[in-house]
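Containing CSV, C-alpha atoms: start-v9.csv.
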chain,number,residue,atom,x,y,z
V,15,MET,CA,-6.8,13.6,-1.9
V,16,ILE,CA,-4.9,13.8,1.3
V,17,ASN,CA,-2.2,16.5,0.9
V,18,ARG,CA,-0.6,16.1,4.3
V,19,LEU,CA,-0.6,13.7,7.2
V,20,THR,CA,0.4,14.8,10.7
V,21,LEU,CA,1.0,12.2,13.4
V,22,VAL,CA,1.2,13.1,17.1
V,23,ASN,CA,2.5,10.7,19.8
V,24,PHE,CA,2.0,7.7,17.4
V,25,LYS,CA,4.5,4.9,17.6
V,26,ALA,CA,7.9,6.1,16.4
V,27,PHE,CA,6.8,9.7,16.1
V,28,ARG,CA,6.3,12.3,18.7
V,29,ARG,CA,5.3,14.6,15.9
V,30,LEU,CA,5.6,14.0,12.1
V,31,GLU,CA,4.3,16.2,9.3
V,32,LEU,CA,4.4,14.4,6.0
V,33,PRO,CA,3.4,15.8,2.6
V,34,LEU,CA,1.5,13.3,0.5
V,35,GLY,CA,0.9,13.4,-3.3
V,36,PRO,CA,-0.8,11.3,-6.0
V,37,LEU,CA,2.2,8.9,-5.6
V,38,THR,CA,4.1,8.9,-2.3
V,39,LEU,CA,7.1,6.6,-2.0
V,40,LEU,CA,8.2,5.6,1.6
V,41,THR,CA,11.8,4.4,1.6
V,42,GLY,CA,14.4,4.0,4.2
V,43,LEU,CA,16.0,1.9,6.9
V,44,ASN,CA,14.2,-1.0,8.6
V,45,SER,CA,12.1,0.0,11.7
V,46,SER,CA,12.4,3.7,10.8
V,47,GLY,CA,8.7,4.5,10.8
V,48,LYS,CA,7.6,3.8,7.2
V,49,SER,CA,5.0,1.2,8.1
V,50,SER,CA,3.7,3.5,10.8
V,51,VAL,CA,2.5,5.9,8.1
V,52,LEU,CA,0.5,3.2,6.3
V,53,GLN,CA,-0.8,1.8,9.6
V,54,ALA,CA,-2.0,5.3,10.7
V,55,LEU,CA,-4.1,5.7,7.5
V,56,ALA,CA,-5.4,2.1,7.8
V,57,LEU,CA,-6.2,2.5,11.5
V,58,LEU,CA,-8.4,5.6,10.8
V,59,ARG,CA,-10.1,3.7,8.0
V,60,GLN,CA,-10.6,0.7,10.2
V,61,SER,CA,-12.0,2.8,13.0
V,62,PHE,CA,-14.2,5.3,11.2
V,63,GLY,CA,-14.5,4.3,7.5
V,64,ASP,CA,-17.2,2.7,5.4
V,65,GLY,CA,-20.0,4.5,7.2
V,66,ARG,CA,-19.0,2.8,10.5
V,67,VAL,CA,-20.8,4.1,13.6
V,68,THR,CA,-18.7,3.9,16.7
V,69,LEU,CA,-19.4,4.5,20.3
V,70,PRO,CA,-17.0,6.9,21.9
V,71,GLN,CA,-15.3,4.2,24.0
V,72,GLU,CA,-14.8,2.2,20.8
V,73,GLY,CA,-13.4,5.1,18.8
V,74,LEU,CA,-9.9,4.0,17.8
V,75,LEU,CA,-10.0,0.3,17.0
V,76,LEU,CA,-6.4,-0.9,17.3
V,77,ASN,CA,-7.1,-4.5,16.2
V,78,GLY,CA,-9.3,-5.3,13.2
V,79,GLU,CA,-9.4,-6.3,9.6
V,80,LEU,CA,-6.7,-3.9,8.4
V,81,VAL,CA,-4.2,-3.6,11.2
V,82,GLU,CA,-3.5,-5.3,14.5
V,83,LEU,CA,-1.4,-2.9,16.6
V,84,GLY,CA,-1.9,-4.4,20.0
V,85,THR,CA,-2.9,-2.1,22.9
V,86,ALA,CA,-2.9,1.6,23.6
V,87,ARG,CA,0.4,1.2,25.4
V,88,ASP,CA,1.9,-0.2,22.1
V,89,VAL,CA,0.9,2.8,19.9
V,90,LEU,CA,1.7,5.7,22.3
V,91,HIS,CA,5.1,7.2,21.6
V,92,ASP,CA,7.5,6.6,24.5
V,93,ASP,CA,8.4,10.3,24.9
V,94,PHE,CA,4.9,11.5,24.4
V,95,GLY,CA,4.1,15.2,24.7
V,96,HIS,CA,1.7,16.3,27.4
V,97,ALA,CA,0.4,19.2,25.3
V,98,ASP,CA,0.3,20.0,21.7
V,99,ASP,CA,-0.6,23.3,20.0
V,100,LEU,CA,-2.0,21.6,16.9
V,101,LEU,CA,-4.4,19.3,18.9
V,102,ALA,CA,-5.0,22.0,21.6
V,103,THR,CA,-5.6,19.5,24.3
V,104,GLU,CA,-3.9,18.1,27.3
V,105,ALA,CA,-2.1,14.8,26.7
V,106,PRO,CA,-1.5,11.9,26.8
V,107,VAL,CA,-3.3,11.6,23.4
V,108,VAL,CA,-2.6,10.0,20.0
V,109,GLY,CA,-3.5,12.4,17.2
V,110,PHE,CA,-3.9,12.4,13.5
V,111,VAL,CA,-4.5,15.3,11.1
V,112,LEU,CA,-5.4,14.7,7.5
V,113,GLU,CA,-5.2,17.9,5.4
V,114,GLU,CA,-7.4,18.0,2.3
V,115,ASP,CA,-9.4,21.1,1.5
V,116,ALA,CA,-9.6,21.6,5.3
V,117,PRO,CA,-7.8,19.7,8.1
V,118,GLY,CA,-9.6,16.8,9.6
V,119,ARG,CA,-8.5,16.1,13.2
V,120,PHE,CA,-8.7,12.7,14.8
V,121,ILE,CA,-7.8,12.5,18.5
V,122,ALA,CA,-7.8,9.5,20.8
V,123,ARG,CA,-7.4,9.8,24.5
V,124,TYR,CA,-4.9,7.4,26.3
V,125,ASP,CA,-6.3,6.2,29.5
V,126,LEU,CA,-3.5,5.9,32.1
V,127,GLU,CA,-5.6,3.4,34.1
V,128,GLN,CA,-6.3,1.1,31.1
V,129,PRO,CA,-3.1,1.1,29.0
V,130,ASP,CA,-3.7,-2.5,27.9
V,131,GLU,CA,-7.0,-1.9,26.2
V,132,ASP,CA,-7.1,-2.4,22.4
V,133,ALA,CA,-9.5,0.6,21.8
V,134,MET,CA,-9.0,4.3,22.6
V,135,GLU,CA,-11.7,6.8,23.3
V,136,ALA,CA,-12.0,9.2,20.3
V,137,TYR,CA,-13.2,12.7,20.1
V,138,ASP,CA,-13.0,15.7,17.8
V,139,PHE,CA,-13.1,13.7,14.6
V,140,PRO,CA,-14.9,14.8,11.4
V,141,GLY,CA,-17.2,12.8,9.1
V,142,ASP,CA,-16.3,14.3,5.8
V,143,VAL,CA,-12.7,13.1,5.2
V,144,SER,CA,-12.3,11.3,1.9
V,145,LEU,CA,-10.2,8.5,3.5
V,146,LEU,CA,-13.3,7.3,5.3
V,147,GLU,CA,-15.5,6.8,2.3
V,148,ALA,CA,-13.3,6.6,-0.8
V,149,PRO,CA,-12.6,3.3,-2.6
V,150,PHE,CA,-9.8,1.7,-0.6
V,151,GLN,CA,-7.2,-1.1,-0.8
V,152,TYR,CA,-4.4,-2.0,1.6
V,153,LEU,CA,-2.0,-4.8,0.7
V,154,HIS,CA,0.4,-6.0,3.4
V,155,ALA,CA,3.9,-7.2,2.6
V,156,ASP,CA,2.7,-10.6,3.8
V,157,ARG,CA,0.5,-11.5,0.8
V,158,ILE,CA,-1.0,-14.7,-0.5
V,159,THR,CA,1.3,-17.5,-1.4
V,160,PRO,CA,0.8,-20.2,-4.0
V,161,ALA,CA,-2.1,-22.4,-2.9
V,162,VAL,CA,-4.5,-24.9,-4.4
V,163,THR,CA,-7.6,-22.9,-3.4
V,164,TYR,CA,-8.6,-19.3,-2.3
V,165,PRO,CA,-11.7,-18.0,-0.5
V,166,ARG,CA,-14.9,-17.3,-2.3
V,167,SER,CA,-16.6,-14.5,-0.3
V,168,ARG,CA,-19.2,-12.5,-2.1
V,169,GLN,CA,-19.5,-10.0,0.7
V,170,ILE,CA,-15.8,-9.0,0.7
V,171,ALA,CA,-14.7,-9.4,-2.9
V,172,ILE,CA,-17.8,-8.6,-4.8
V,173,ASP,CA,-20.1,-6.4,-2.6
V,174,ARG,CA,-17.3,-4.4,-1.0
V,175,GLY,CA,-14.7,-4.8,-3.8
V,176,PHE,CA,-12.0,-5.4,-1.2
V,177,LEU,CA,-9.0,-7.7,-2.1
V,178,GLY,CA,-8.1,-8.4,1.5
V,179,VAL,CA,-5.0,-7.2,3.3
V,180,ARG,CA,-3.1,-10.3,2.1
V,181,GLY,CA,-4.8,-10.2,-1.3
V,182,GLU,CA,-6.6,-13.4,-0.4
V,183,HIS,CA,-9.8,-12.3,-2.2
V,184,THR,CA,-8.0,-11.3,-5.4
V,185,VAL,CA,-8.8,-14.5,-7.3
V,186,ASN,CA,-12.5,-14.4,-6.5
V,187,TYR,CA,-12.6,-10.7,-7.4
V,188,LEU,CA,-10.9,-11.4,-10.7
V,189,ARG,CA,-13.2,-14.3,-11.4
V,190,HIS,CA,-16.3,-12.2,-10.8
V,191,HIS,CA,-15.1,-9.1,-12.5
V,192,ALA,CA,-13.2,-10.7,-15.4
V,193,ASP,CA,-15.3,-8.7,-18.0
V,194,ARG,CA,-15.0,-5.4,-16.3
V,195,GLU,CA,-13.8,-2.7,-18.8
V,196,ILE,CA,-10.5,-0.9,-18.0
V,197,PRO,CA,-11.1,2.6,-19.4
V,198,ASP,CA,-8.9,4.1,-22.0
V,199,GLY,CA,-5.9,5.8,-20.4
V,200,PRO,CA,-2.6,5.1,-18.7
V,201,LEU,CA,-3.7,1.8,-17.1
V,202,ARG,CA,-4.8,0.1,-20.3
V,203,HIS,CA,-2.0,-2.1,-21.6
V,204,SER,CA,-1.6,-1.5,-25.4
V,205,GLU,CA,-0.7,-5.2,-26.0
V,206,ALA,CA,-3.6,-6.8,-24.2
V,207,THR,CA,-6.0,-8.8,-26.3
V,208,SER,CA,-8.9,-6.7,-25.0
V,209,SER,CA,-9.8,-4.0,-22.5
V,210,ARG,CA,-11.4,-6.6,-20.1
V,211,LEU,CA,-9.9,-6.7,-16.6
V,212,LEU,CA,-8.7,-10.3,-17.0
V,213,ASP,CA,-7.0,-9.6,-20.3
V,214,GLN,CA,-5.4,-6.5,-18.9
V,215,ALA,CA,-4.2,-8.3,-15.8
V,216,VAL,CA,-2.7,-11.0,-18.1
V,217,ALA,CA,-0.9,-8.3,-20.2
V,218,TRP,CA,0.6,-6.7,-17.1
V,219,MET,CA,1.5,-10.1,-15.6
V,220,GLN,CA,3.4,-10.8,-18.8
V,221,GLU,CA,5.6,-7.8,-18.0
V,222,LEU,CA,6.8,-10.0,-15.1
V,223,CYS,CA,6.8,-13.3,-16.8
V,224,PRO,CA,6.6,-13.3,-20.7
V,225,GLY,CA,4.0,-15.7,-22.1
V,226,VAL,CA,2.1,-16.3,-18.8
V,227,ASN,CA,-1.7,-16.2,-18.7
V,228,VAL,CA,-4.1,-16.4,-15.8
V,229,GLN,CA,-7.5,-18.1,-15.1
V,230,ALA,CA,-9.7,-17.8,-12.1
V,231,SER,CA,-12.6,-20.1,-11.7
V,232,ALA,CA,-15.1,-21.3,-9.1
V,233,ILE,CA,-15.0,-24.8,-7.7
V,234,GLU,CA,-18.6,-25.9,-7.9
V,235,GLY,CA,-20.2,-27.0,-4.6
V,236,THR,CA,-17.6,-25.4,-2.5
V,237,ASP,CA,-16.8,-22.0,-0.9
V,238,PHE,CA,-13.5,-21.8,-2.9
V,239,VAL,CA,-12.1,-20.6,-6.2
V,240,ARG,CA,-9.1,-21.8,-8.1
V,241,LEU,CA,-6.2,-19.9,-9.8
V,242,SER,CA,-4.2,-21.5,-12.6
V,243,TYR,CA,-1.5,-20.4,-15.0
V,244,GLY,CA,-0.6,-21.2,-18.5
V,245,PHE,CA,2.6,-20.3,-20.3
V,246,GLY,CA,2.0,-20.1,-24.0
V,247,GLY,CA,4.8,-22.6,-24.8
V,248,THR,CA,7.5,-20.5,-23.1
V,249,ALA,CA,10.4,-22.1,-21.3
V,250,GLY,CA,9.7,-25.5,-22.8
V,251,ILE,CA,6.4,-25.8,-20.9
V,252,ASN,CA,3.4,-27.5,-22.6
V,253,ALA,CA,1.1,-24.7,-23.5
V,254,THR,CA,-2.0,-26.9,-23.4
V,255,ARG,CA,-1.8,-27.7,-19.7
V,256,ARG,CA,-2.9,-25.4,-16.8
V,257,ARG,CA,-0.5,-25.1,-13.8
V,258,ARG,CA,-1.4,-24.9,-10.2
V,259,PRO,CA,0.2,-21.9,-8.4
V,260,THR,CA,2.0,-24.4,-6.1
V,261,ASN,CA,3.9,-25.6,-9.2
V,262,VAL,CA,4.8,-22.1,-10.4
V,263,GLY,CA,7.3,-19.5,-9.2
V,264,PHE,CA,6.3,-17.7,-6.0
V,265,GLY,CA,6.6,-14.2,-7.4
V,266,LEU,CA,3.6,-14.4,-9.8
V,267,THR,CA,1.0,-15.2,-7.2
V,268,TYR,CA,2.6,-12.7,-4.8
V,269,ALA,CA,2.4,-9.9,-7.5
V,270,LEU,CA,-1.1,-10.7,-8.7
V,271,PRO,CA,-3.0,-8.7,-5.9
V,272,ILE,CA,-0.8,-5.6,-6.7
V,273,VAL,CA,-1.6,-5.8,-10.4
V,274,VAL,CA,-5.4,-6.1,-9.8
V,275,ALA,CA,-5.4,-3.4,-7.1
V,276,CYS,CA,-3.7,-1.0,-9.5
V,277,LEU,CA,-5.8,-1.9,-12.5
V,278,THR,CA,-9.0,-1.3,-10.6
V,279,ALA,CA,-7.8,2.0,-9.1
V,280,ALA,CA,-10.6,4.6,-9.5
V,281,PRO,CA,-10.1,8.3,-9.4
V,282,GLY,CA,-10.3,9.5,-5.8
V,283,SER,CA,-9.4,6.1,-4.4
V,284,LEU,CA,-6.6,5.4,-1.8
V,285,ILE,CA,-4.3,2.4,-2.3
V,286,LEU,CA,-1.7,1.5,0.3
V,287,LEU,CA,1.0,-1.0,-0.9
V,288,GLU,CA,3.8,-2.6,1.1
V,289,ASN,CA,6.8,-3.9,-0.8
V,290,PRO,CA,5.2,-4.4,-4.3
V,291,GLU,CA,8.6,-5.5,-5.5
V,292,ALA,CA,8.7,-8.6,-3.3
V,293,HIS,CA,9.9,-11.8,-5.1
V,294,LEU,CA,10.2,-10.1,-8.5
V,295,HIS,CA,13.3,-9.9,-10.6
V,296,PRO,CA,14.7,-6.4,-11.3
V,297,LYS,CA,12.9,-5.8,-14.6
V,298,GLY,CA,9.6,-6.9,-13.0
V,299,GLN,CA,10.2,-4.5,-10.2
V,300,SER,CA,10.7,-1.7,-12.7
V,301,ARG,CA,7.6,-2.6,-14.6
V,302,MET,CA,5.6,-2.8,-11.4
V,303,ALA,CA,6.6,0.8,-10.8
V,304,ALA,CA,5.3,1.8,-14.2
V,305,LEU,CA,1.9,0.2,-13.3
V,306,ILE,CA,1.8,2.0,-10.0
V,307,SER,CA,2.6,5.3,-11.8
V,308,ALA,CA,-0.2,4.6,-14.2
V,309,ALA,CA,-2.7,4.1,-11.4
V,310,ALA,CA,-1.6,7.4,-9.9
V,311,ALA,CA,-2.0,9.1,-13.3
V,312,THR,CA,-5.6,8.0,-13.4
V,313,GLY,CA,-6.4,9.9,-10.3
V,314,ALA,CA,-5.9,7.4,-7.5
V,315,GLN,CA,-3.7,8.2,-4.5
V,316,MET,CA,-1.0,5.7,-4.1
V,317,VAL,CA,1.1,5.4,-0.9
V,318,VAL,CA,3.9,2.8,-1.4
V,319,GLU,CA,6.5,1.4,1.0
V,320,THR,CA,9.5,0.0,-0.8
V,321,HIS,CA,13.1,-1.1,-0.4
V,322,SER,CA,13.7,-1.4,-4.1
V,323,ASP,CA,15.9,1.0,-6.1
V,324,HIS,CA,14.3,-0.4,-9.2
V,325,VAL,CA,10.9,0.8,-8.0
V,326,LEU,CA,12.4,4.2,-7.2
V,327,ASN,CA,14.0,4.4,-10.6
V,328,GLY,CA,10.8,3.2,-12.3
V,329,ILE,CA,9.0,6.2,-10.7
V,330,ARG,CA,11.7,8.5,-11.8
V,331,ILE,CA,11.4,7.2,-15.4
V,332,ALA,CA,7.7,7.7,-15.3
V,333,VAL,CA,8.3,11.4,-14.4
V,334,LYS,CA,10.9,11.8,-17.1
V,335,ARG,CA,8.6,10.3,-19.7
V,336,GLY,CA,5.8,12.6,-18.7
V,337,ALA,CA,3.5,9.9,-17.3
V,338,LEU,CA,3.6,11.8,-13.9
V,339,ARG,CA,4.3,15.4,-13.1
V,340,PRO,CA,7.3,16.0,-10.9
V,341,ASP,CA,5.1,17.4,-8.1
V,342,ASP,CA,2.9,14.3,-8.3
V,343,ALA,CA,5.8,12.0,-7.1
V,344,ILE,CA,6.8,12.6,-3.5
V,345,ILE,CA,9.7,10.5,-2.1
V,346,HIS,CA,10.4,10.3,1.6
V,347,PHE,CA,13.5,8.7,3.1
V,348,PHE,CA,13.2,7.6,6.7
V,349,ARG,CA,16.1,7.0,9.0
V,350,GLY,CA,16.8,6.8,12.7
V,351,ASN,CA,18.7,9.6,14.3
V,352,GLY,CA,19.3,8.1,17.8
V,353,ALA,CA,16.4,9.8,19.3
V,354,GLY,CA,13.6,8.7,17.0
V,355,ALA,CA,13.1,8.9,13.3
V,356,GLU,CA,13.8,11.7,10.8
V,357,VAL,CA,12.5,12.1,7.3
V,358,ILE,CA,14.3,13.6,4.3
V,359,THR,CA,12.3,14.4,1.1
V,360,PRO,CA,14.4,14.6,-2.0
V,361,ARG,CA,12.6,16.6,-4.8
V,362,VAL,CA,12.2,15.1,-8.2
V,363,ASP,CA,12.7,17.3,-11.3
V,364,GLU,CA,11.3,17.0,-14.8
V,365,GLU,CA,14.2,14.7,-15.9
V,366,GLY,CA,13.6,12.4,-13.0
V,367,MET,CA,16.7,13.6,-11.2
V,368,LEU,CA,16.7,14.0,-7.4
V,369,ALA,CA,17.7,17.3,-5.8
V,370,GLN,CA,19.6,15.4,-3.1
V,371,TRP,CA,20.9,11.9,-2.3
V,372,PRO,CA,21.3,11.6,1.4
V,373,ALA,CA,23.7,9.0,2.9
V,374,GLY,CA,22.0,5.6,3.2
V,375,PHE,CA,19.5,6.4,0.4
V,376,PHE,CA,19.8,3.5,-2.1
V,377,ASP,CA,23.6,4.0,-2.2
V,378,GLU,CA,24.7,0.4,-1.2
V,379,TRP,CA,25.5,-0.5,-4.8
V,380,GLU,CA,28.0,2.3,-5.1
V,381,ASN,CA,29.4,1.5,-1.6
V,382,SER,CA,29.9,-2.2,-2.6
V,383,LEU,CA,31.4,-1.3,-5.9
V,384,GLU,CA,33.9,1.1,-4.2
V,385,GLN,CA,35.0,-1.8,-1.9
V,386,LEU,CA,35.4,-4.2,-4.8
V,387,LEU,CA,37.5,-1.7,-6.7
V,388,ASP,CA,39.6,-0.7,-3.6

Starting from the file, give its structure as structure tokens.
Amino acid sequence: MINRLTLVNFKAFRRLELPLGPLTLLTGLNSSGKSSVLQALALLRQSFGDGRVTLPQEGLLLNGELVELGTARDVLHDDFGHADDLLATEAPVVGFVLEEDAPGRFIARYDLEQPDEDAMEAYDFPGDVSLLEAPFQYLHADRITPAVTYPRSRQIAIDRGFLGVRGEHTVNYLRHHADREIPDGPLRHSEATSSRLLDQAVAWMQELCPGVNVQASAIEGTDFVRLSYGFGGTAGINATRRRRPTNVGFGLTYALPIVVACLTAAPGSLILLENPEAHLHPKGQSRMAALISAAAATGAQMVVETHSDHVLNGIRIAVKRGALRPDDAIIHFFRGNGAGAEVITPRVDEEGMLAQWPAGFFDEWENSLEQLLD
């Protein structure tokens, strides 16, 4: 597990040292640096992970499957430092340090003569960092929307087990691995009809929409798969008919990749999630937090960006109920300070209470209520 991430001269941060835990929640104002943390982890995986062999000049790959960050000029912090004691090298450089049992340093040199290249020469990087080889998922905020068909790629969904950054391979993954057993533990839903992945996914989806069920099937003779929903007679809908995603609420399809990513989280894996609450009603957001907490409790490392107080409170409830230890849930609040970004880290106690509640940290409900009562 990654215990700490240090960023040097990367995007919004001249230097950032950020503790990480089994479940790390990134909250805060827009454009305050939250996404940069996820992008840094994804960038290293994109550049050096999965046994990838890179030439020195192709070290840091700024544009690829996981992230598209533009050019070296785009990722170098505006007020970059020309020397750094941690990296012990002359700048300009972009640096990352992942602390596990021992720090793993990744340094990329910025070429003043080629600022518009989309790769940066890398040096002083290790090959034994868990991020590079561990099971991995990264789901962007811009996920799949309701569609008639989805891609059917064996290499991505089945051989690699990757859902795609938009979750576009989730349906094919679910089709192929429908019978996969979800082991006994926090992730196994007690009301599911069986321990099969498909039945477990249905049970968790029913937390978002009571009575819903999911089917994923191949379209013979094509390179596509089909997703359909049934509703068990709820809301006056005929239970015998299957429904296309295009005729069903947006939120279900948007949430499905998050549900599958969490259910398939293995001990030692790293899962990055952006806005898992998107398009869900408040109760659904809270239940999504319970699922994310369960994935962390199984031994996966979850790093989650959110703007939802329901997700925050769902994590706090998981701590209060003993599903997570207080030290396993780390909450960071990002905000601009006029000269960059600062990070405040409220500590969670055994009762799910926070040691501090800084201004701007999920306090708009109280602010609005005060104005209404004034």

If we count all atoms listed in the file, what is near Val318 (chain V) at a cut-off of 8 Å, once residues fewer than 5 positions away on the same chain are taken out, given as JSON, numbers by chain? {"V": [37, 38, 39, 40, 286, 287, 288, 289, 290]}

For Asp138 (chain V), which residue out of V:Gln151, V:Phe110, V:Val274, V:Gly178 is the nearest one, using all atoms listed in the file?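 Among the listed residues, V:Phe110 lies closest to Asp138 (chain V).
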
Taking (-3.4, 0.0, -10.6) in the file's coordinates, which residues come within 8 Å, counting all atoms listed in the file, written as a count of residues only? 14

V:Leu241, V:Ala304, V:Ala26, V:Ile170 ranked by distance to Lys334 (chain V), top pick (using all atoms listed in the file): V:Ala304

Take CA of Leu43 (chain V) and CA of Arg157 (chain V) and report the distance between them in Å, one decimal.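 One can read the CA of Leu43 (chain V) to CA of Arg157 (chain V) distance as 21.4 Å.
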
Give me the residues near region 71-86 of chain V as number ranges by chain, where near means some atom within 8 Å (using all atoms listed in the file) and where sequence neighbours in that chain fewer than 5 positions away do not count. V: 53, 56-58, 60-62, 122, 124, 129-137, 152, 179

Step by step: start from the point (-7.7, 19.2, 11.0) in the file's coordinates, keep every protein, DNA or RNA residue that has an atom no farther than 10 Å from it, count only C-alpha atoms, and write the set as a PDB file with C-alpha atoms, keeping the file's coordinate frame.
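Produced file out.pdb, reproduced below:
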ATOM      1  CA  LEU V  19      -0.600  13.700   7.200  1.00  0.00           C
ATOM      2  CA  THR V  20       0.400  14.800  10.700  1.00  0.00           C
ATOM      3  CA  LEU V 100      -2.000  21.600  16.900  1.00  0.00           C
ATOM      4  CA  LEU V 101      -4.400  19.300  18.900  1.00  0.00           C
ATOM      5  CA  PHE V 110      -3.900  12.400  13.500  1.00  0.00           C
ATOM      6  CA  VAL V 111      -4.500  15.300  11.100  1.00  0.00           C
ATOM      7  CA  LEU V 112      -5.400  14.700   7.500  1.00  0.00           C
ATOM      8  CA  GLU V 113      -5.200  17.900   5.400  1.00  0.00           C
ATOM      9  CA  GLU V 114      -7.400  18.000   2.300  1.00  0.00           C
ATOM     10  CA  ASP V 115      -9.400  21.100   1.500  1.00  0.00           C
ATOM     11  CA  ALA V 116      -9.600  21.600   5.300  1.00  0.00           C
ATOM     12  CA  PRO V 117      -7.800  19.700   8.100  1.00  0.00           C
ATOM     13  CA  GLY V 118      -9.600  16.800   9.600  1.00  0.00           C
ATOM     14  CA  ARG V 119      -8.500  16.100  13.200  1.00  0.00           C
ATOM     15  CA  PHE V 120      -8.700  12.700  14.800  1.00  0.00           C
ATOM     16  CA  ASP V 138     -13.000  15.700  17.800  1.00  0.00           C
ATOM     17  CA  PHE V 139     -13.100  13.700  14.600  1.00  0.00           C
ATOM     18  CA  PRO V 140     -14.900  14.800  11.400  1.00  0.00           C
ATOM     19  CA  VAL V 143     -12.700  13.100   5.200  1.00  0.00           C
TER      20      VAL V 143
END

Can you take region 192-206 of chain V from the block and write N, CA, C and O atoms as a compact mmCIF listing (two decimals), in the first residue's frame?
# COMPACT_ATOMS: atom_id res chain seq x y z
N ALA V 192 -19.57 -13.26 -15.00
CA ALA V 192 -20.82 -13.28 -14.24
C ALA V 192 -20.82 -14.30 -13.11
O ALA V 192 -21.40 -14.07 -12.04
N ASP V 193 -20.15 -15.43 -13.31
CA ASP V 193 -20.15 -16.51 -12.32
C ASP V 193 -18.99 -16.43 -11.32
O ASP V 193 -18.85 -17.31 -10.47
N ARG V 194 -18.19 -15.41 -11.44
CA ARG V 194 -17.07 -15.27 -10.50
C ARG V 194 -17.60 -15.13 -9.07
O ARG V 194 -18.56 -14.41 -8.81
N GLU V 195 -16.97 -15.83 -8.14
CA GLU V 195 -17.42 -15.82 -6.75
C GLU V 195 -16.88 -14.59 -6.02
O GLU V 195 -15.69 -14.28 -6.09
N ILE V 196 -17.76 -13.88 -5.33
CA ILE V 196 -17.34 -12.82 -4.43
C ILE V 196 -17.12 -13.46 -3.06
O ILE V 196 -18.05 -14.02 -2.48
N PRO V 197 -15.91 -13.44 -2.54
CA PRO V 197 -15.62 -14.16 -1.30
C PRO V 197 -16.40 -13.61 -0.12
O PRO V 197 -16.82 -12.44 -0.11
N ASP V 198 -16.59 -14.46 0.85
CA ASP V 198 -17.27 -14.05 2.07
C ASP V 198 -16.50 -12.91 2.72
O ASP V 198 -15.27 -12.96 2.83
N GLY V 199 -17.21 -11.87 3.12
CA GLY V 199 -16.54 -10.72 3.70
C GLY V 199 -17.37 -9.47 3.51
O GLY V 199 -18.56 -9.53 3.16
N PRO V 200 -16.76 -8.30 3.72
CA PRO V 200 -17.52 -7.05 3.70
C PRO V 200 -18.21 -6.76 2.37
O PRO V 200 -19.26 -6.11 2.35
N LEU V 201 -17.65 -7.23 1.26
CA LEU V 201 -18.22 -6.90 -0.05
C LEU V 201 -19.44 -7.74 -0.39
O LEU V 201 -20.24 -7.34 -1.24
N ARG V 202 -19.57 -8.91 0.21
CA ARG V 202 -20.67 -9.79 -0.16
C ARG V 202 -21.97 -9.27 0.44
O ARG V 202 -22.14 -9.18 1.65
N HIS V 203 -22.91 -8.94 -0.44
CA HIS V 203 -24.20 -8.40 -0.01
C HIS V 203 -25.06 -9.51 0.56
O HIS V 203 -25.27 -10.55 -0.08
N SER V 204 -25.58 -9.31 1.75
CA SER V 204 -26.31 -10.36 2.45
C SER V 204 -27.65 -10.71 1.81
O SER V 204 -28.18 -11.80 2.02
N GLU V 205 -28.19 -9.80 1.00
CA GLU V 205 -29.50 -10.04 0.39
C GLU V 205 -29.41 -10.46 -1.07
O GLU V 205 -30.44 -10.61 -1.73
N ALA V 206 -28.21 -10.68 -1.57
CA ALA V 206 -28.05 -11.17 -2.94
C ALA V 206 -28.52 -12.62 -3.04
O ALA V 206 -28.47 -13.38 -2.06
